[in-house]
Amino acid sequence: MVVEVDGCTHDCKEEYDKKRHEYLESLGLVVVHLDDMEIKTDLGWQLSILSNKTKERMKQINMPFTEGPEFVSE
């Protein structure tokens, strides 16, 4: 799994980002994009997104997933 934190450095780089995303997926990787401001303001929710994506991927490859702690926003 590749986690990409998107912020203002990605402005005006849409084509480059798209090609990189497609390349990573062609390698069989799951690419998750998270917004930098959302990480700063609601880390718990962003961690939940990552947890859910991990569960989905592990189910796809028939790998058991052990539940960890719930991530709660404060």
# chains A, B, ... in the order shown; residues from 1 in each chain; ligands from 1
>>> residues_around(residues="segment 8-22 of chain A", least_positions_apart="2", cutoff="12 Å", atoms="only C-alpha atoms", output="JSON list (two decimals) with all heavy atoms, in the first residue's frame")
[["chain", "number", "residue", "atom", "x", "y", "z"],
["A", 1, "MET", "N", 0.85, -1.17, 0.00],
["A", 1, "MET", "CA", 0.00, 0.00, 0.00],
["A", 1, "MET", "C", 0.89, 1.23, 0.00],
["A", 1, "MET", "O", 1.89, 1.29, 0.72],
["A", 1, "MET", "CB", -0.91, 0.00, 1.22],
["A", 1, "MET", "CG", -1.82, 1.21, 1.27],
["A", 1, "MET", "SD", -2.96, 1.22, 2.67],
["A", 1, "MET", "CE", -4.04, -0.09, 2.21],
["A", 2, "VAL", "N", 0.51, 2.19, -0.81],
["A", 2, "VAL", "CA", 1.22, 3.46, -0.88],
["A", 2, "VAL", "C", 0.28, 4.53, -0.34],
["A", 2, "VAL", "O", -0.86, 4.63, -0.78],
["A", 2, "VAL", "CB", 1.60, 3.81, -2.34],
["A", 2, "VAL", "CG1", 2.24, 5.18, -2.42],
["A", 2, "VAL", "CG2", 2.49, 2.74, -2.93],
["A", 3, "VAL", "N", 0.75, 5.30, 0.62],
["A", 3, "VAL", "CA", -0.03, 6.40, 1.16],
["A", 3, "VAL", "C", 0.59, 7.69, 0.66],
["A", 3, "VAL", "O", 1.76, 7.96, 0.91],
["A", 3, "VAL", "CB", -0.06, 6.38, 2.71],
["A", 3, "VAL", "CG1", -0.85, 7.57, 3.23],
["A", 3, "VAL", "CG2", -0.63, 5.07, 3.21],
["A", 4, "GLU", "N", -0.20, 8.47, -0.05],
["A", 4, "GLU", "CA", 0.28, 9.74, -0.56],
["A", 4, "GLU", "C", -0.49, 10.86, 0.14],
["A", 4, "GLU", "O", -1.71, 10.87, 0.15],
["A", 4, "GLU", "CB", 0.08, 9.84, -2.06],
["A", 4, "GLU", "CG", 0.65, 11.12, -2.61],
["A", 4, "GLU", "CD", 0.80, 11.11, -4.11],
["A", 4, "GLU", "OE1", 0.72, 10.04, -4.72],
["A", 4, "GLU", "OE2", 1.00, 12.19, -4.66],
["A", 5, "VAL", "N", 0.27, 11.76, 0.73],
["A", 5, "VAL", "CA", -0.33, 12.92, 1.38],
["A", 5, "VAL", "C", -0.31, 14.06, 0.38],
["A", 5, "VAL", "O", 0.74, 14.55, -0.02],
["A", 5, "VAL", "CB", 0.45, 13.29, 2.67],
["A", 5, "VAL", "CG1", -0.18, 14.52, 3.33],
["A", 5, "VAL", "CG2", 0.47, 12.11, 3.64],
["A", 6, "ASP", "N", -1.51, 14.44, -0.07],
["A", 6, "ASP", "CA", -1.64, 15.48, -1.08],
["A", 6, "ASP", "C", -1.83, 16.84, -0.42],
["A", 6, "ASP", "O", -2.61, 16.99, 0.51],
["A", 6, "ASP", "CB", -2.84, 15.20, -1.98],
["A", 6, "ASP", "CG", -2.68, 13.93, -2.79],
["A", 6, "ASP", "OD1", -1.54, 13.59, -3.12],
["A", 6, "ASP", "OD2", -3.70, 13.28, -3.08],
["A", 24, "LEU", "N", 2.14, 2.98, -10.16],
["A", 24, "LEU", "CA", 2.14, 2.26, -8.89],
["A", 24, "LEU", "C", 1.06, 1.17, -8.88],
["A", 24, "LEU", "O", 1.30, 0.05, -8.42],
["A", 24, "LEU", "CB", 1.97, 3.22, -7.72],
["A", 24, "LEU", "CG", 3.14, 4.18, -7.48],
["A", 24, "LEU", "CD1", 2.76, 5.26, -6.49],
["A", 24, "LEU", "CD2", 4.37, 3.42, -7.01],
["A", 25, "GLU", "N", -0.12, 1.50, -9.39],
["A", 25, "GLU", "CA", -1.18, 0.49, -9.47],
["A", 25, "GLU", "C", -0.80, -0.65, -10.41],
["A", 25, "GLU", "O", -1.16, -1.80, -10.17],
["A", 25, "GLU", "CB", -2.49, 1.14, -9.91],
["A", 25, "GLU", "CG", -3.15, 1.92, -8.81],
["A", 25, "GLU", "CD", -4.55, 2.39, -9.17],
["A", 25, "GLU", "OE1", -4.83, 2.62, -10.37],
["A", 25, "GLU", "OE2", -5.36, 2.52, -8.25],
["A", 26, "SER", "N", -0.06, -0.34, -11.47],
["A", 26, "SER", "CA", 0.36, -1.39, -12.41],
["A", 26, "SER", "C", 1.29, -2.40, -11.74],
["A", 26, "SER", "O", 1.44, -3.52, -12.21],
["A", 26, "SER", "CB", 1.03, -0.78, -13.64],
["A", 26, "SER", "OG", 2.37, -0.38, -13.36],
["A", 27, "LEU", "N", 1.92, -1.98, -10.65],
["A", 27, "LEU", "CA", 2.78, -2.87, -9.88],
["A", 27, "LEU", "C", 1.99, -3.71, -8.87],
["A", 27, "LEU", "O", 2.56, -4.50, -8.12],
["A", 27, "LEU", "CB", 3.84, -2.06, -9.13],
["A", 27, "LEU", "CG", 4.81, -1.25, -9.99],
["A", 27, "LEU", "CD1", 5.70, -0.39, -9.11],
["A", 27, "LEU", "CD2", 5.63, -2.16, -10.88],
["A", 28, "GLY", "N", 0.68, -3.51, -8.84],
["A", 28, "GLY", "CA", -0.17, -4.24, -7.91],
["A", 28, "GLY", "C", -0.33, -3.56, -6.56],
["A", 28, "GLY", "O", -0.83, -4.17, -5.62],
["A", 29, "LEU", "N", 0.09, -2.30, -6.49],
["A", 29, "LEU", "CA", -0.01, -1.57, -5.23],
["A", 29, "LEU", "C", -1.34, -0.84, -5.14],
["A", 29, "LEU", "O", -1.90, -0.42, -6.15],
["A", 29, "LEU", "CB", 1.14, -0.56, -5.12],
["A", 29, "LEU", "CG", 2.55, -1.17, -5.13],
["A", 29, "LEU", "CD1", 3.60, -0.08, -5.30],
["A", 29, "LEU", "CD2", 2.79, -1.96, -3.87],
["A", 30, "VAL", "N", -1.82, -0.67, -3.93],
["A", 30, "VAL", "CA", -3.00, 0.14, -3.67],
["A", 30, "VAL", "C", -2.51, 1.52, -3.28],
["A", 30, "VAL", "O", -1.67, 1.65, -2.38],
["A", 30, "VAL", "CB", -3.85, -0.46, -2.53],
["A", 30, "VAL", "CG1", -5.00, 0.45, -2.17],
["A", 30, "VAL", "CG2", -4.33, -1.85, -2.90],
["A", 31, "VAL", "N", -3.00, 2.54, -3.96],
["A", 31, "VAL", "CA", -2.58, 3.91, -3.69],
["A", 31, "VAL", "C", -3.72, 4.64, -2.98],
["A", 31, "VAL", "O", -4.83, 4.70, -3.48],
["A", 31, "VAL", "CB", -2.19, 4.66, -4.98],
["A", 31, "VAL", "CG1", -1.69, 6.06, -4.66],
["A", 31, "VAL", "CG2", -1.15, 3.87, -5.77],
["A", 32, "VAL", "N", -3.43, 5.16, -1.80],
["A", 32, "VAL", "CA", -4.42, 5.90, -1.01],
["A", 32, "VAL", "C", -3.95, 7.34, -0.93],
["A", 32, "VAL", "O", -2.82, 7.62, -0.52],
["A", 32, "VAL", "CB", -4.55, 5.30, 0.41],
["A", 32, "VAL", "CG1", -5.56, 6.09, 1.22],
["A", 32, "VAL", "CG2", -4.90, 3.84, 0.35],
["A", 33, "HIS", "N", -4.83, 8.25, -1.34],
["A", 33, "HIS", "CA", -4.51, 9.67, -1.27],
["A", 33, "HIS", "C", -5.22, 10.30, -0.07],
["A", 33, "HIS", "O", -6.43, 10.13, 0.08],
["A", 33, "HIS", "CB", -4.97, 10.38, -2.55],
["A", 33, "HIS", "CG", -4.23, 9.95, -3.77],
["A", 33, "HIS", "ND1", -3.10, 10.59, -4.20],
["A", 33, "HIS", "CD2", -4.45, 8.93, -4.63],
["A", 33, "HIS", "CE1", -2.65, 9.99, -5.29],
["A", 33, "HIS", "NE2", -3.46, 8.96, -5.56],
["A", 34, "LEU", "N", -4.47, 10.98, 0.74],
["A", 34, "LEU", "CA", -5.03, 11.70, 1.88],
["A", 34, "LEU", "C", -4.65, 13.17, 1.76],
["A", 34, "LEU", "O", -3.56, 13.50, 1.31],
["A", 34, "LEU", "CB", -4.49, 11.14, 3.20],
["A", 34, "LEU", "CG", -4.76, 9.66, 3.48],
["A", 34, "LEU", "CD1", -4.10, 9.25, 4.79],
["A", 34, "LEU", "CD2", -6.24, 9.36, 3.52],
["A", 35, "ASP", "N", -5.54, 14.03, 2.15],
["A", 35, "ASP", "CA", -5.31, 15.46, 2.09],
["A", 35, "ASP", "C", -4.53, 15.92, 3.32],
["A", 35, "ASP", "O", -4.88, 15.55, 4.45],
["A", 35, "ASP", "CB", -6.66, 16.19, 2.02],
["A", 35, "ASP", "CG", -6.51, 17.68, 1.92],
["A", 35, "ASP", "OD1", -6.32, 18.18, 0.81],
["A", 35, "ASP", "OD2", -6.55, 18.33, 2.99],
["A", 36, "ASP", "N", -3.50, 16.71, 3.10],
["A", 36, "ASP", "CA", -2.65, 17.11, 4.22],
["A", 36, "ASP", "C", -3.41, 17.90, 5.29],
["A", 36, "ASP", "O", -3.19, 17.72, 6.48],
["A", 36, "ASP", "CB", -1.42, 17.88, 3.75],
["A", 36, "ASP", "CG", -1.73, 19.23, 3.14],
["A", 36, "ASP", "OD1", -2.84, 19.44, 2.62],
["A", 36, "ASP", "OD2", -0.82, 20.09, 3.16],
["A", 37, "MET", "N", -4.34, 18.76, 4.88],
["A", 37, "MET", "CA", -5.10, 19.54, 5.86],
["A", 37, "MET", "C", -6.03, 18.66, 6.67],
["A", 37, "MET", "O", -6.24, 18.89, 7.86],
["A", 37, "MET", "CB", -5.88, 20.67, 5.17],
["A", 37, "MET", "CG", -4.99, 21.77, 4.63],
["A", 37, "MET", "SD", -3.86, 22.48, 5.86],
["A", 37, "MET", "CE", -4.99, 23.28, 6.96]]
>>> select_by_dssp(residues="chain A", states="strand (DSSP E)", output="ChimeraX atom specification")
/A:2-6,31-35
>>> write_last_selection(atoms="all heavy atoms", output="compact mmCIF listing (two decimals), in the first residue's frame")
# COMPACT_ATOMS: atom_id res chain seq x y z
N VAL A 2 0.51 2.19 -0.81
CA VAL A 2 1.22 3.46 -0.88
C VAL A 2 0.28 4.53 -0.34
O VAL A 2 -0.86 4.63 -0.78
CB VAL A 2 1.60 3.81 -2.34
CG1 VAL A 2 2.24 5.18 -2.42
CG2 VAL A 2 2.49 2.74 -2.93
N VAL A 3 0.75 5.30 0.62
CA VAL A 3 -0.03 6.40 1.16
C VAL A 3 0.59 7.69 0.66
O VAL A 3 1.76 7.96 0.91
CB VAL A 3 -0.06 6.38 2.71
CG1 VAL A 3 -0.85 7.57 3.23
CG2 VAL A 3 -0.63 5.07 3.21
N GLU A 4 -0.20 8.47 -0.05
CA GLU A 4 0.28 9.74 -0.56
C GLU A 4 -0.49 10.86 0.14
O GLU A 4 -1.71 10.87 0.15
CB GLU A 4 0.08 9.84 -2.06
CG GLU A 4 0.65 11.12 -2.61
CD GLU A 4 0.80 11.11 -4.11
OE1 GLU A 4 0.72 10.04 -4.72
OE2 GLU A 4 1.00 12.19 -4.66
N VAL A 5 0.27 11.76 0.73
CA VAL A 5 -0.33 12.92 1.38
C VAL A 5 -0.31 14.06 0.38
O VAL A 5 0.74 14.55 -0.02
CB VAL A 5 0.45 13.29 2.67
CG1 VAL A 5 -0.18 14.52 3.33
CG2 VAL A 5 0.47 12.11 3.64
N ASP A 6 -1.51 14.44 -0.07
CA ASP A 6 -1.64 15.48 -1.08
C ASP A 6 -1.83 16.84 -0.42
O ASP A 6 -2.61 16.99 0.51
CB ASP A 6 -2.84 15.20 -1.98
CG ASP A 6 -2.68 13.93 -2.79
OD1 ASP A 6 -1.54 13.59 -3.12
OD2 ASP A 6 -3.70 13.28 -3.08
N VAL A 31 -3.00 2.54 -3.96
CA VAL A 31 -2.58 3.91 -3.69
C VAL A 31 -3.72 4.64 -2.98
O VAL A 31 -4.83 4.70 -3.48
CB VAL A 31 -2.19 4.66 -4.98
CG1 VAL A 31 -1.69 6.06 -4.66
CG2 VAL A 31 -1.15 3.87 -5.77
N VAL A 32 -3.43 5.16 -1.80
CA VAL A 32 -4.42 5.90 -1.01
C VAL A 32 -3.95 7.34 -0.93
O VAL A 32 -2.82 7.62 -0.52
CB VAL A 32 -4.55 5.30 0.41
CG1 VAL A 32 -5.56 6.09 1.22
CG2 VAL A 32 -4.90 3.84 0.35
N HIS A 33 -4.83 8.25 -1.34
CA HIS A 33 -4.51 9.67 -1.27
C HIS A 33 -5.22 10.30 -0.07
O HIS A 33 -6.43 10.13 0.08
CB HIS A 33 -4.97 10.38 -2.55
CG HIS A 33 -4.23 9.95 -3.77
ND1 HIS A 33 -3.10 10.59 -4.20
CD2 HIS A 33 -4.45 8.93 -4.63
CE1 HIS A 33 -2.65 9.99 -5.29
NE2 HIS A 33 -3.46 8.96 -5.56
N LEU A 34 -4.47 10.98 0.74
CA LEU A 34 -5.03 11.70 1.88
C LEU A 34 -4.65 13.17 1.76
O LEU A 34 -3.56 13.50 1.31
CB LEU A 34 -4.49 11.14 3.20
CG LEU A 34 -4.76 9.66 3.48
CD1 LEU A 34 -4.10 9.25 4.79
CD2 LEU A 34 -6.24 9.36 3.52
N ASP A 35 -5.54 14.03 2.15
CA ASP A 35 -5.31 15.46 2.09
C ASP A 35 -4.53 15.92 3.32
O ASP A 35 -4.88 15.55 4.45
CB ASP A 35 -6.66 16.19 2.02
CG ASP A 35 -6.51 17.68 1.92
OD1 ASP A 35 -6.32 18.18 0.81
OD2 ASP A 35 -6.55 18.33 2.99
>>> atom_distance(atom1="atom CA of Ile39 of chain A", atom2="atom CA of Gly7 of chain A")
10.4 Å
>>> atom_distance(atom1="atom CA of Met63 of chain A", atom2="atom CA of Ile49 of chain A")
18.7 Å
>>> select_by_dssp(residues="chain A", states="helix (DSSP H, G or I)", output="PyMOL selection string")
chain A and resi 8-10+14-26+36-41+43-60
>>> residues_around(residues="Thr66 of chain A", least_positions_apart="5", cutoff="12 Å", atoms="only C-alpha atoms", output="JSON, numbers by chain")
{"A": [51, 54, 55, 58, 59]}
